[in-house]
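*Asks:* This is query.csv (CSV, C-alpha atoms).
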```
chain,number,residue,atom,x,y,z
A,1,MET,CA,0.0,0.0,0.0
A,2,LYS,CA,1.4,3.4,-1.0
A,3,ASN,CA,2.3,5.7,1.9
A,4,LEU,CA,1.2,8.9,0.1
A,5,LEU,CA,2.1,12.3,1.5
A,6,SER,CA,-1.5,13.5,0.9
A,7,SER,CA,-2.8,11.2,3.5
A,8,TYR,CA,-1.0,13.2,6.2
A,9,THR,CA,-1.3,16.8,5.0
A,10,ASN,CA,-4.7,17.6,6.7
A,11,SER,CA,-3.4,16.4,10.1
A,12,ARG,CA,-1.8,18.6,12.7
A,13,ASP,CA,-0.2,15.6,14.3
A,14,ASN,CA,3.2,15.8,12.8
A,15,ASN,CA,6.9,16.7,13.6
A,16,PHE,CA,7.1,20.1,12.1
A,17,ASN,CA,7.5,21.8,15.4
A,18,LEU,CA,10.3,19.5,16.4
A,19,ILE,CA,12.0,19.9,13.0
A,20,ARG,CA,11.9,23.7,13.2
A,21,PHE,CA,13.1,23.6,16.8
A,22,ILE,CA,16.1,21.5,15.8
A,23,ALA,CA,16.7,23.8,12.8
A,24,ALA,CA,16.7,27.0,14.9
A,25,SER,CA,19.0,25.3,17.4
A,26,LEU,CA,21.4,24.4,14.6
A,27,VAL,CA,21.5,28.0,13.6
A,28,LEU,CA,22.5,28.9,17.1
A,29,PHE,CA,25.1,26.1,17.1
A,30,SER,CA,26.5,27.2,13.8
A,31,HIS,CA,26.7,30.9,14.8
A,32,SER,CA,28.5,30.0,18.0
A,33,PHE,CA,31.7,29.4,16.1
A,34,ALA,CA,31.5,32.7,14.2
A,35,LEU,CA,30.6,34.7,17.2
A,36,SER,CA,33.2,33.1,19.5
A,37,LEU,CA,36.1,33.0,17.0
A,38,GLY,CA,35.2,35.8,14.6
A,39,GLY,CA,34.2,34.1,11.3
A,40,SER,CA,32.0,31.4,9.7
A,41,GLU,CA,35.1,29.7,8.4
A,42,PHE,CA,35.6,28.1,11.8
A,43,GLU,CA,32.4,26.1,11.6
A,44,PRO,CA,33.6,22.5,11.1
A,45,LEU,CA,31.1,21.5,8.4
A,46,LYS,CA,32.1,24.5,6.3
A,47,THR,CA,35.5,22.9,5.4
A,48,THR,CA,34.0,19.5,4.6
A,49,ILE,CA,30.9,20.1,2.5
A,50,GLY,CA,31.1,23.9,1.9
A,51,MET,CA,28.0,24.5,3.9
A,52,THR,CA,27.3,25.2,7.6
A,53,TRP,CA,24.7,23.6,9.9
A,54,GLY,CA,23.0,27.0,9.9
A,55,MET,CA,22.7,27.0,6.1
A,56,ILE,CA,21.2,23.6,6.1
A,57,ALA,CA,18.8,24.7,8.8
A,58,VAL,CA,17.7,27.8,6.9
A,59,ASP,CA,17.0,25.6,3.8
A,60,VAL,CA,14.8,23.4,6.0
A,61,PHE,CA,12.9,26.5,7.2
A,62,PHE,CA,12.2,27.6,3.6
A,63,ILE,CA,11.2,24.1,2.4
A,64,THR,CA,8.7,23.6,5.3
A,65,SER,CA,7.5,27.2,4.9
A,66,GLY,CA,6.7,26.7,1.2
A,67,PHE,CA,4.8,23.5,2.0
A,68,LEU,CA,2.8,24.9,5.0
A,69,ILE,CA,2.2,28.4,3.6
A,70,THR,CA,0.8,27.0,0.3
A,71,ASN,CA,-1.4,24.7,2.4
A,72,SER,CA,-2.6,27.8,4.4
A,73,PHE,CA,-3.3,29.9,1.2
A,74,LEU,CA,-5.2,27.1,-0.6
A,75,THR,CA,-7.1,26.2,2.6
A,76,ARG,CA,-8.2,29.8,3.4
A,77,ASN,CA,-8.5,30.7,-0.3
A,78,LYS,CA,-8.8,34.4,0.6
A,79,LEU,CA,-5.9,36.8,0.0
A,80,LEU,CA,-6.8,39.0,3.0
A,81,SER,CA,-6.9,36.0,5.4
A,82,TYR,CA,-3.6,34.8,4.0
A,83,ALA,CA,-1.9,38.2,4.5
A,84,TRP,CA,-3.3,38.7,7.9
A,85,ALA,CA,-2.1,35.2,9.1
A,86,ARG,CA,1.4,35.9,7.8
A,87,LEU,CA,1.6,39.3,9.4
A,88,LEU,CA,0.5,37.9,12.8
A,89,ARG,CA,3.2,35.2,12.5
A,90,ILE,CA,6.1,37.4,11.6
A,91,TYR,CA,5.7,40.9,13.1
A,92,PRO,CA,4.5,40.9,16.8
A,93,ALA,CA,7.4,38.7,18.0
A,94,LEU,CA,9.9,40.5,15.7
A,95,ILE,CA,8.9,44.0,16.9
A,96,VAL,CA,9.3,42.9,20.5
A,97,ALA,CA,12.7,41.3,19.8
A,98,THR,CA,13.7,44.5,18.0
A,99,VAL,CA,12.7,46.7,21.0
A,100,PHE,CA,14.6,44.3,23.2
A,101,CYS,CA,17.7,44.7,21.1
A,102,VAL,CA,17.4,48.5,21.0
A,103,LEU,CA,16.2,49.4,24.5
A,104,VAL,CA,17.7,46.6,26.6
A,105,LEU,CA,20.9,45.2,25.0
A,106,GLY,CA,21.7,48.4,23.1
A,107,VAL,CA,21.4,50.6,26.1
A,108,TRP,CA,23.4,48.2,28.3
A,109,PHE,CA,26.3,47.5,25.9
A,110,THR,CA,26.7,50.8,24.0
A,111,LYS,CA,29.9,52.7,24.4
A,112,HIS,CA,28.1,56.0,23.9
A,113,THR,CA,26.1,58.0,26.4
A,114,ILE,CA,22.5,57.0,26.6
A,115,TYR,CA,21.4,60.3,25.1
A,116,GLU,CA,23.9,60.0,22.2
A,117,TYR,CA,22.7,56.4,21.6
A,118,ILE,CA,19.0,57.2,21.7
A,119,MET,CA,19.3,60.3,19.5
A,120,ASP,CA,21.6,58.6,16.9
A,121,THR,CA,19.9,58.1,13.5
A,122,GLN,CA,21.4,54.7,13.3
A,123,THR,CA,19.4,53.6,16.3
A,124,HIS,CA,16.2,54.9,14.6
A,125,LYS,CA,17.2,53.2,11.4
A,126,TYR,CA,17.8,49.9,13.1
A,127,PHE,CA,14.4,50.0,14.8
A,128,VAL,CA,12.4,51.0,11.7
A,129,LYS,CA,14.1,48.7,9.3
A,130,ASN,CA,14.0,45.6,11.5
A,131,SER,CA,10.4,46.2,12.7
A,132,THR,CA,9.0,46.5,9.2
A,133,LEU,CA,11.5,44.6,6.9
A,134,PHE,CA,10.1,46.7,4.0
A,135,PHE,CA,13.4,48.5,3.6
A,136,GLY,CA,15.8,45.6,4.2
A,137,THR,CA,17.5,45.0,7.5
A,138,SER,CA,20.0,46.9,9.7
A,139,TYR,CA,22.6,45.1,11.8
A,140,SER,CA,24.4,47.7,13.9
A,141,LEU,CA,23.5,49.9,16.8
A,142,PRO,CA,25.8,52.9,17.8
A,143,GLY,CA,28.7,51.7,20.0
A,144,VAL,CA,27.2,48.2,20.5
A,145,PHE,CA,29.3,45.0,20.3
A,146,ILE,CA,32.2,46.9,18.7
A,147,GLU,CA,34.8,44.9,20.6
A,148,THR,CA,33.3,41.4,20.1
A,149,PRO,CA,35.1,38.9,17.7
A,150,PHE,CA,32.2,39.4,15.2
A,151,LYS,CA,32.1,43.1,15.4
A,152,SER,CA,29.2,45.5,15.4
A,153,THR,CA,26.4,43.1,14.4
A,154,VAL,CA,23.5,42.9,16.8
A,155,ASN,CA,21.2,40.4,15.1
A,156,GLY,CA,22.6,38.8,12.0
A,157,SER,CA,20.0,36.1,11.8
A,158,ILE,CA,17.2,38.3,10.6
A,159,TRP,CA,18.8,38.8,7.1
A,160,THR,CA,16.6,35.9,5.9
A,161,LEU,CA,13.3,37.4,7.0
A,162,PRO,CA,12.9,39.8,4.0
A,163,TYR,CA,13.4,36.9,1.7
A,164,GLU,CA,10.7,35.0,3.6
A,165,LEU,CA,8.3,37.9,3.1
A,166,LYS,CA,9.2,38.1,-0.6
A,167,MET,CA,8.3,34.4,-1.0
A,168,TYR,CA,4.9,35.0,0.6
A,169,VAL,CA,4.2,37.8,-1.8
A,170,ILE,CA,5.4,35.9,-4.8
A,171,LEU,CA,3.4,32.9,-3.9
A,172,ALA,CA,0.2,35.0,-3.5
A,173,VAL,CA,0.8,36.7,-6.9
A,174,ILE,CA,1.4,33.4,-8.7
A,175,LEU,CA,-1.6,31.7,-7.2
A,176,CYS,CA,-3.9,34.7,-7.9
A,177,PHE,CA,-2.6,35.0,-11.4
A,178,VAL,CA,-2.9,31.3,-12.2
A,179,THR,CA,-6.5,31.2,-10.7
A,180,TYR,CA,-7.5,34.1,-12.9
A,181,MET,CA,-5.8,32.9,-16.1
A,182,SER,CA,-7.0,29.3,-15.7
A,183,LYS,CA,-10.5,30.5,-16.8
A,184,TRP,CA,-9.1,30.7,-20.3
A,185,ILE,CA,-6.2,28.3,-20.3
A,186,LYS,CA,-7.4,24.8,-19.3
A,187,PHE,CA,-4.0,23.2,-18.7
A,188,LEU,CA,-2.9,26.2,-16.5
A,189,THR,CA,-3.7,24.9,-13.0
A,190,ILE,CA,-2.1,25.6,-9.7
A,191,LYS,CA,-0.7,22.1,-9.5
A,192,ASN,CA,0.9,22.3,-12.9
A,193,ALA,CA,2.2,25.9,-12.4
A,194,LEU,CA,3.8,25.1,-9.0
A,195,LEU,CA,5.4,21.9,-10.3
A,196,VAL,CA,7.0,23.7,-13.2
A,197,ILE,CA,8.1,26.6,-11.0
A,198,GLY,CA,9.5,24.2,-8.3
A,199,VAL,CA,11.4,21.9,-10.7
A,200,PHE,CA,12.7,24.9,-12.8
A,201,SER,CA,13.9,26.7,-9.6
A,202,VAL,CA,15.8,23.7,-8.3
A,203,GLY,CA,17.4,23.3,-11.7
A,204,LEU,CA,18.3,27.0,-11.8
A,205,HIS,CA,19.7,26.8,-8.2
A,206,LEU,CA,22.0,23.9,-9.3
A,207,PHE,CA,23.1,25.7,-12.5
A,208,ASN,CA,23.7,28.9,-10.5
A,209,HIS,CA,26.0,27.0,-8.1
A,210,PHE,CA,28.4,26.1,-10.9
A,211,HIS,CA,27.8,29.2,-13.2
A,212,THR,CA,26.8,32.1,-11.0
A,213,ILE,CA,24.5,34.4,-12.9
A,214,PHE,CA,21.8,35.4,-10.5
A,215,SER,CA,21.7,36.3,-6.8
A,216,ALA,CA,22.7,33.1,-5.1
A,217,ASN,CA,20.6,33.8,-2.0
A,218,PHE,CA,17.4,34.7,-3.8
A,219,VAL,CA,17.7,31.7,-6.1
A,220,ARG,CA,18.4,29.4,-3.2
A,221,PHE,CA,15.5,30.5,-1.1
A,222,PHE,CA,13.1,30.6,-4.1
A,223,SER,CA,14.0,27.1,-5.0
A,224,MET,CA,13.6,25.7,-1.5
A,225,PHE,CA,10.3,27.5,-0.9
A,226,PHE,CA,8.7,26.6,-4.2
A,227,ILE,CA,9.8,23.0,-4.2
A,228,GLY,CA,8.1,22.8,-0.8
A,229,SER,CA,5.0,24.3,-2.5
A,230,ALA,CA,5.2,21.7,-5.3
A,231,PHE,CA,5.4,18.9,-2.8
A,232,PHE,CA,2.2,20.1,-1.2
A,233,THR,CA,0.2,20.4,-4.4
A,234,TRP,CA,1.5,17.1,-5.7
A,235,SER,CA,1.3,15.3,-2.3
A,236,ASP,CA,-1.1,12.8,-3.8
A,237,LYS,CA,1.8,11.5,-6.0
A,238,VAL,CA,4.6,11.6,-3.4
A,239,VAL,CA,5.2,8.3,-1.7
A,240,LEU,CA,6.9,8.6,1.7
A,241,SER,CA,9.1,5.5,1.3
A,242,SER,CA,11.1,4.3,4.2
A,243,LYS,CA,13.4,2.4,1.9
A,244,PHE,CA,14.2,5.6,0.0
A,245,ALA,CA,14.8,7.6,3.2
A,246,ILE,CA,17.1,4.9,4.6
A,247,PHE,CA,19.0,4.9,1.2
A,248,GLY,CA,19.1,8.7,1.1
A,249,LEU,CA,20.8,9.5,4.4
A,250,PRO,CA,23.8,7.3,4.0
A,251,LEU,CA,24.1,8.5,0.4
A,252,LEU,CA,24.5,12.1,1.6
A,253,ILE,CA,27.3,11.0,4.0
A,254,ILE,CA,29.1,9.1,1.2
A,255,VAL,CA,29.0,11.9,-1.4
A,256,SER,CA,30.1,14.5,1.2
A,257,ILE,CA,33.7,13.7,0.1
A,258,ASN,CA,33.1,15.9,-2.9
A,259,LYS,CA,31.5,19.3,-2.2
A,260,ASP,CA,29.9,19.7,-5.7
A,261,ILE,CA,28.4,16.2,-5.8
A,262,PHE,CA,27.1,16.7,-2.3
A,263,PHE,CA,25.5,20.0,-3.3
A,264,VAL,CA,23.6,18.3,-6.1
A,265,ILE,CA,22.4,15.2,-4.1
A,266,TYR,CA,21.6,17.4,-1.1
A,267,ASN,CA,19.3,19.7,-3.0
A,268,LEU,CA,17.5,16.7,-4.7
A,269,LEU,CA,17.1,14.7,-1.5
A,270,LEU,CA,16.5,17.3,1.2
A,271,PRO,CA,12.8,18.1,0.5
A,272,PHE,CA,11.8,14.4,0.6
A,273,LEU,CA,13.8,13.8,3.8
A,274,VAL,CA,12.2,16.8,5.5
A,275,PHE,CA,8.6,15.6,4.7
A,276,TYR,CA,9.5,12.0,5.6
A,277,LEU,CA,10.8,13.1,9.0
A,278,ALA,CA,7.8,15.4,9.4
A,279,TYR,CA,5.2,12.7,9.1
A,280,ILE,CA,6.5,9.2,9.4
A,281,PRO,CA,8.3,9.0,12.8
A,282,SER,CA,5.5,8.9,15.4
A,283,GLY,CA,4.7,7.8,18.9
A,284,LYS,CA,6.2,9.5,21.9
A,285,ILE,CA,8.1,11.9,19.6
A,286,ARG,CA,4.8,13.7,18.9
A,287,LYS,CA,4.5,14.8,22.5
A,288,PHE,CA,6.9,17.6,21.6
A,289,ASN,CA,3.9,19.4,20.0
A,290,ARG,CA,2.4,19.9,23.5
A,291,ILE,CA,5.1,22.3,24.7
A,292,GLY,CA,4.7,25.0,22.0
A,293,ASP,CA,6.5,26.3,18.9
A,294,TYR,CA,9.7,27.9,20.2
A,295,SER,CA,11.6,27.9,16.8
A,296,TYR,CA,10.9,31.5,15.8
A,297,GLY,CA,11.8,32.8,19.2
A,298,ILE,CA,15.1,30.9,19.1
A,299,TYR,CA,15.8,32.2,15.7
A,300,ILE,CA,15.3,35.9,16.4
A,301,TYR,CA,16.9,36.0,19.9
A,302,ALA,CA,19.9,33.6,19.5
A,303,PHE,CA,22.3,36.0,17.7
A,304,PRO,CA,21.9,39.0,20.1
A,305,VAL,CA,22.1,36.7,23.1
A,306,GLN,CA,25.3,35.2,21.7
A,307,GLN,CA,26.8,38.7,21.0
A,308,SER,CA,25.9,39.7,24.6
A,309,ILE,CA,27.8,36.6,25.9
A,310,ALA,CA,30.8,37.4,23.7
A,311,ALA,CA,30.8,41.0,25.0
A,312,THR,CA,30.5,39.9,28.7
A,313,ILE,CA,32.9,36.9,28.6
A,314,PRO,CA,36.0,37.8,26.6
A,315,ASN,CA,37.6,34.9,24.7
A,316,VAL,CA,34.5,32.7,25.5
A,317,SER,CA,35.0,29.1,24.3
A,318,VAL,CA,32.7,27.7,21.6
A,319,SER,CA,31.3,25.1,24.0
A,320,THR,CA,30.5,27.6,26.6
A,321,MET,CA,28.9,29.9,24.0
A,322,ILE,CA,26.7,27.0,22.8
A,323,ILE,CA,25.5,26.0,26.3
A,324,LEU,CA,24.9,29.5,27.8
A,325,SER,CA,23.3,30.9,24.7
A,326,PHE,CA,21.0,28.0,24.3
A,327,ILE,CA,19.8,28.3,27.9
A,328,VAL,CA,19.2,32.0,27.7
A,329,THR,CA,17.7,32.0,24.2
A,330,LEU,CA,15.4,29.1,25.0
A,331,PHE,CA,14.1,31.1,28.0
A,332,LEU,CA,13.4,34.1,25.8
A,333,ALA,CA,11.8,31.9,23.1
A,334,ILE,CA,9.5,30.4,25.7
A,335,LEU,CA,8.4,33.8,26.9
A,336,SER,CA,8.0,35.0,23.3
A,337,TRP,CA,5.7,32.0,22.4
A,338,HIS,CA,3.5,32.1,25.4
A,339,LEU,CA,3.3,35.9,25.9
A,340,ILE,CA,3.3,37.1,22.3
A,341,GLU,CA,3.2,34.6,19.5
A,342,LYS,CA,0.5,32.3,20.7
A,343,ARG,CA,-1.8,35.2,21.7
A,344,PHE,CA,-1.5,37.0,18.4
A,345,LEU,CA,-2.0,33.8,16.4
A,346,LYS,CA,-5.4,33.4,18.1
A,347,MET,CA,-6.4,36.6,16.3
A,348,LYS,CA,-6.1,35.0,12.8
A,349,ASP,CA,-9.9,35.1,12.4
A,350,GLY,CA,-9.7,38.9,13.0
A,351,TYR,CA,-9.5,39.4,9.2
A,352,ILE,CA,-13.3,38.8,9.1
A,353,HIS,CA,-13.8,42.0,11.0
A,354,ILE,CA,-11.4,43.8,8.6
A,355,GLU,CA,-13.4,42.5,5.6
A,356,LYS,CA,-16.6,43.7,7.1
A,357,PHE,CA,-15.1,47.1,7.8
A,358,ILE,CA,-13.9,47.3,4.2
A,359,GLN,CA,-17.3,46.3,2.9
A,360,LYS,CA,-19.0,49.0,5.0
A,361,LEU,CA,-16.6,51.6,3.6
A,362,SER,CA,-17.4,50.4,0.1
A,363,LEU,CA,-21.1,50.6,0.7
A,364,THR,CA,-20.8,54.0,2.3
A,365,ARG,CA,-18.8,55.3,-0.6
A,366,ARG,CA,-21.4,54.0,-3.1
A,367,TYR,CA,-24.2,55.5,-1.1
A,368,ILE,CA,-22.5,58.9,-1.0
A,369,GLN,CA,-21.9,58.7,-4.8
A,370,THR,CA,-25.5,57.9,-5.5
A,371,LYS,CA,-26.5,61.0,-3.5
```
In structure tokens, what does this structure look like?

*Replies:*
Amino acid sequence: MKNLLSSYTNSRDNNFNLIRFIAASLVLFSHSFALSLGGSEFEPLKTTIGMTWGMIAVDVFFITSGFLITNSFLTRNKLLSYAWARLLRIYPALIVATVFCVLVLGVWFTKHTIYEYIMDTQTHKYFVKNSTLFFGTSYSLPGVFIETPFKSTVNGSIWTLPYELKMYVILAVILCFVTYMSKWIKFLTIKNALLVIGVFSVGLHLFNHFHTIFSANFVRFFSMFFIGSAFFTWSDKVVLSSKFAIFGLPLLIIVSINKDIFFVIYNLLLPFLVFYLAYIPSGKIRKFNRIGDYSYGIYIYAFPVQQSIAATIPNVSVSTMIILSFIVTLFLAILSWHLIEKRFLKMKDGYIHIEKFIQKLSLTRRYIQTK
């Protein structure tokens, strides 16, 4: 009997929370080398396969995001609902984390006077950019972390968030366009469109690795996100084969002796392995879902916490950095989930009130025009 991915997609009983938690923790682990020693080249995996654990973790984030966000859009089938849900997931916790960096860590660690620090335009720029993400991101605050091994960067992890937002927008545009055009073009369906885009983007990512033409980061994130989307829309054709998974993991280890071969096999196998691990392992492992989703909190707090440790403990060892930063970051992530994220996510249905408000405005406008 085929073990189809589609038989699991409607269930919330999965391992995505655990996968994201591990991925966020791997980003923390990976950054510990750079923030303790001064550069990403000290990360052990970098010299063997040309990637870091953090890079792999971010790829996992984008694959799962493409899969789950496509599910969310097609399930809700309303653009306003989709946008509202995405805003609630990204911004409340991000804004609080940005305020924490500016008014707590920044004030404590700056080498400037408090007045100089608060009045500096760089402080304002940091807050505005990182709270909105519309104008990119800003990484430095005046006089903050200027003597750490990885100098002057307050929160380097957030550089991926604008890409995440771009993927949300691109997905919405594609799905709306395909839905509209499918009225006239029969073979143009969401399934077909996302399959072509997903496969093409992975091919482009592989080509771009050997012959760099386009922005490597954009192509990478686009391919990961949209192959995740394609897996969702074609989940009725994807068989979660244990034999294939058991074959794939050793294969990745074997081909790691060559960076280029590893890169190709890694990009072809990773999406399948992510979804296999998300749905097939079951039992006690599923109890992890009861504690909450701390991955986003770990991701947005780990870097500033690690920089704070580097500034407080000169020449801190990598092992000490990993242990201390994980404990402190996990504490902040738990607070973020229970006090902010979970509460705002309960407001997802609030878009209904927004829709009603817009409708009332439209009706009022028509009434005035008729008068």

*Asks:* Expressed in Å to a single decimal, how great is the separation between CA of Ala57 in chain A and CA of Phe214 in chain A?

*Replies:* 22.3 Å

*Asks:* Between A:Phe326, A:Tyr301, A:Tyr163, A:Tyr294, which one has atoms that come closest to Leu339 in chain A, using only C-alpha atoms?

*Replies:*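 Closest residue, counting only C-alpha atoms: A:Tyr294.
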
*Asks:* Which residues are close to range 159-162 of chain A, i.e. within 7 Å by all atoms listed in the file, leaving aside same-chain residues fewer than 4 positions away? Reply as a list in words.

*Replies:*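 That gives Leu133, Gly136, Thr137 and Lys166 of chain A.
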
*Asks:* Once you have the residues from the selection above, write them out as a compact mmCIF listing (two decimals), in the coordinates of the input, restricted to C-alpha atoms.

*Replies:*
```txt
# COMPACT_ATOMS: atom_id res chain seq x y z
CA LEU A 133 11.50 44.60 6.90
CA GLY A 136 15.80 45.60 4.20
CA THR A 137 17.50 45.00 7.50
CA LYS A 166 9.20 38.10 -0.60
```

*Asks:* Find the distance between CA of His211 in chain A and CA of Ile63 in chain A and write it in Å to one decimal.

*Replies:* 23.3 Å

*Asks:* In terms of the shortest atom-to-atom distance over all atoms listed in the file, which of A:Phe226, A:Trp234, A:Tyr276, A:Phe134 is closest to Ile19 in chain A?

*Replies:*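 The answer is A:Tyr276, which sits nearest to Ile19 in chain A.
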
*Asks:* Write out as a Markdown table a residue-level contact list of range 152-187 of chain A versus range 85-92 of chain A with cut-off 12 Å: for each qualifying residue the closest pair of atoms and the distance in Å to one decimal, counting all atoms listed in the file, rows sorted by chain and residue number upward.

*Replies:*
```
| residue | atom | partner | partner_atom | distance |
| --- | --- | --- | --- | --- |
| A:Ile158 | CA | A:Ile90 | CA | 11.2 |
| A:Leu161 | CA | A:Ile90 | CA | 8.5 |
| A:Pro162 | CA | A:Ile90 | CA | 10.5 |
| A:Glu164 | CA | A:Ile90 | CA | 9.5 |
| A:Leu165 | CA | A:Arg86 | CA | 8.6 |
| A:Lys166 | CA | A:Arg86 | CA | 11.7 |
| A:Met167 | CA | A:Arg86 | CA | 11.3 |
| A:Tyr168 | CA | A:Arg86 | CA | 8.1 |
| A:Val169 | CA | A:Arg86 | CA | 10.2 |
| A:Ala172 | CA | A:Arg86 | CA | 11.4 |
```

*Asks:* For Phe200 in chain A, please output as a list in words all residues within 12 Å (counting only C-alpha atoms; exclusion window: fewer than 3 positions along the same chain).

*Replies:*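 Skipping anything fewer than 3 positions along the chain leaves Ala193, Leu194, Leu195, Val196, Ile197, Gly203, Leu204, His205, Leu206, Phe207, Asn208, Val219, Phe222, Ser223, Met224, Phe226, Ile227 and Ala230 of chain A.
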
*Asks:* To one decimal in Å, tell me the separation between CA of Phe109 in chain A and CA of Phe145 in chain A.

*Replies:*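 So the answer is 6.8 Å.
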
*Asks:* Considering only C-alpha atoms, can you say which of A:Leu270, A:Ala310, A:Leu332, A:Val238 comes closest to Ser6 in chain A?

*Replies:*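 Distance minimum relative to Ser6 in chain A lands on A:Val238.
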
*Asks:* I'd like the neighbourhood of Ala23 in chain A as a PyMOL selection string, where a residue qualifies if any of its atoms comes within 12 Å (using only C-alpha atoms), though same-chain residues fewer than 5 positions away should be ignored.

*Replies:* chain A and resi 16-18+28-30+52-64+274+294-296+298-299

*Asks:* Counting all atoms listed in the file, what is within 12 Å of Lys259 in chain A, bar same-chain residues fewer than 5 positions away, as a PDB file with C-alpha atoms, in the coordinates of the input?

*Replies:*
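Once written, result.pdb looks like this:
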```pdb
ATOM      1  CA  LEU A  45      31.100  21.500   8.400  1.00  0.00           C
ATOM      2  CA  LYS A  46      32.100  24.500   6.300  1.00  0.00           C
ATOM      3  CA  THR A  47      35.500  22.900   5.400  1.00  0.00           C
ATOM      4  CA  THR A  48      34.000  19.500   4.600  1.00  0.00           C
ATOM      5  CA  ILE A  49      30.900  20.100   2.500  1.00  0.00           C
ATOM      6  CA  GLY A  50      31.100  23.900   1.900  1.00  0.00           C
ATOM      7  CA  MET A  51      28.000  24.500   3.900  1.00  0.00           C
ATOM      8  CA  HIS A 209      26.000  27.000  -8.100  1.00  0.00           C
ATOM      9  CA  PHE A 210      28.400  26.100 -10.900  1.00  0.00           C
ATOM     10  CA  LEU A 252      24.500  12.100   1.600  1.00  0.00           C
ATOM     11  CA  ILE A 253      27.300  11.000   4.000  1.00  0.00           C
ATOM     12  CA  ILE A 254      29.100   9.100   1.200  1.00  0.00           C
ATOM     13  CA  VAL A 264      23.600  18.300  -6.100  1.00  0.00           C
ATOM     14  CA  ILE A 265      22.400  15.200  -4.100  1.00  0.00           C
ATOM     15  CA  TYR A 266      21.600  17.400  -1.100  1.00  0.00           C
TER      16      TYR A 266
END
```

*Asks:* I'd like to know which of A:Met119, A:Val305, A:Ile174, A:Ala278 is closest to Lys191 in chain A, using all atoms listed in the file.

*Replies:*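 Between A:Met119, A:Val305, A:Ile174, A:Ala278, the residue approaching Lys191 in chain A most closely is A:Ile174.
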
*Asks:* Counting all atoms listed in the file, which residues come within 12 Å of (10.6, 3.9, 1.8), with the point read in the file's coordinates, and could you list them as a PyMOL selection string?

*Replies:* chain A and resi 1-5+238-249+272-273+276-277+280

*Asks:* With distances taken over all atoms listed in the file, which residue among A:Pro250, A:Gly143, A:Gly198, A:Pro44 lies nearest Phe231 in chain A?

*Replies:*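 Among the listed residues, the smallest separation from Phe231 in chain A belongs to A:Gly198.
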
*Asks:* Have a look at A:Arg290, A:Lys186, A:Lys151, A:His124 and name the one nearest to Asn15 in chain A; count all atoms listed in the file.

*Replies:*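 The closest residue to Asn15 in chain A is A:Arg290.
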
*Asks:* Mind checking which residues fall within 12 Å of range 101-108 of chain A, counting all atoms listed in the file, ignoring those fewer than 6 positions away in the same chain, and posting them as a ChimeraX atom specification?

*Replies:* /A:94-95,114-120,122-128,130-131,138-146,152-156,300-309,311-312

*Asks:* Based on the selection just made, write C-alpha atoms of those residues as a compact mmCIF listing (two decimals), keeping the file's coordinate frame.

*Replies:*
```txt
# COMPACT_ATOMS: atom_id res chain seq x y z
CA LEU A 94 9.90 40.50 15.70
CA ILE A 95 8.90 44.00 16.90
CA ILE A 114 22.50 57.00 26.60
CA TYR A 115 21.40 60.30 25.10
CA GLU A 116 23.90 60.00 22.20
CA TYR A 117 22.70 56.40 21.60
CA ILE A 118 19.00 57.20 21.70
CA MET A 119 19.30 60.30 19.50
CA ASP A 120 21.60 58.60 16.90
CA GLN A 122 21.40 54.70 13.30
CA THR A 123 19.40 53.60 16.30
CA HIS A 124 16.20 54.90 14.60
CA LYS A 125 17.20 53.20 11.40
CA TYR A 126 17.80 49.90 13.10
CA PHE A 127 14.40 50.00 14.80
CA VAL A 128 12.40 51.00 11.70
CA ASN A 130 14.00 45.60 11.50
CA SER A 131 10.40 46.20 12.70
CA SER A 138 20.00 46.90 9.70
CA TYR A 139 22.60 45.10 11.80
CA SER A 140 24.40 47.70 13.90
CA LEU A 141 23.50 49.90 16.80
CA PRO A 142 25.80 52.90 17.80
CA GLY A 143 28.70 51.70 20.00
CA VAL A 144 27.20 48.20 20.50
CA PHE A 145 29.30 45.00 20.30
CA ILE A 146 32.20 46.90 18.70
CA SER A 152 29.20 45.50 15.40
CA THR A 153 26.40 43.10 14.40
CA VAL A 154 23.50 42.90 16.80
CA ASN A 155 21.20 40.40 15.10
CA GLY A 156 22.60 38.80 12.00
CA ILE A 300 15.30 35.90 16.40
CA TYR A 301 16.90 36.00 19.90
CA ALA A 302 19.90 33.60 19.50
CA PHE A 303 22.30 36.00 17.70
CA PRO A 304 21.90 39.00 20.10
CA VAL A 305 22.10 36.70 23.10
CA GLN A 306 25.30 35.20 21.70
CA GLN A 307 26.80 38.70 21.00
CA SER A 308 25.90 39.70 24.60
CA ILE A 309 27.80 36.60 25.90
CA ALA A 311 30.80 41.00 25.00
CA THR A 312 30.50 39.90 28.70
```
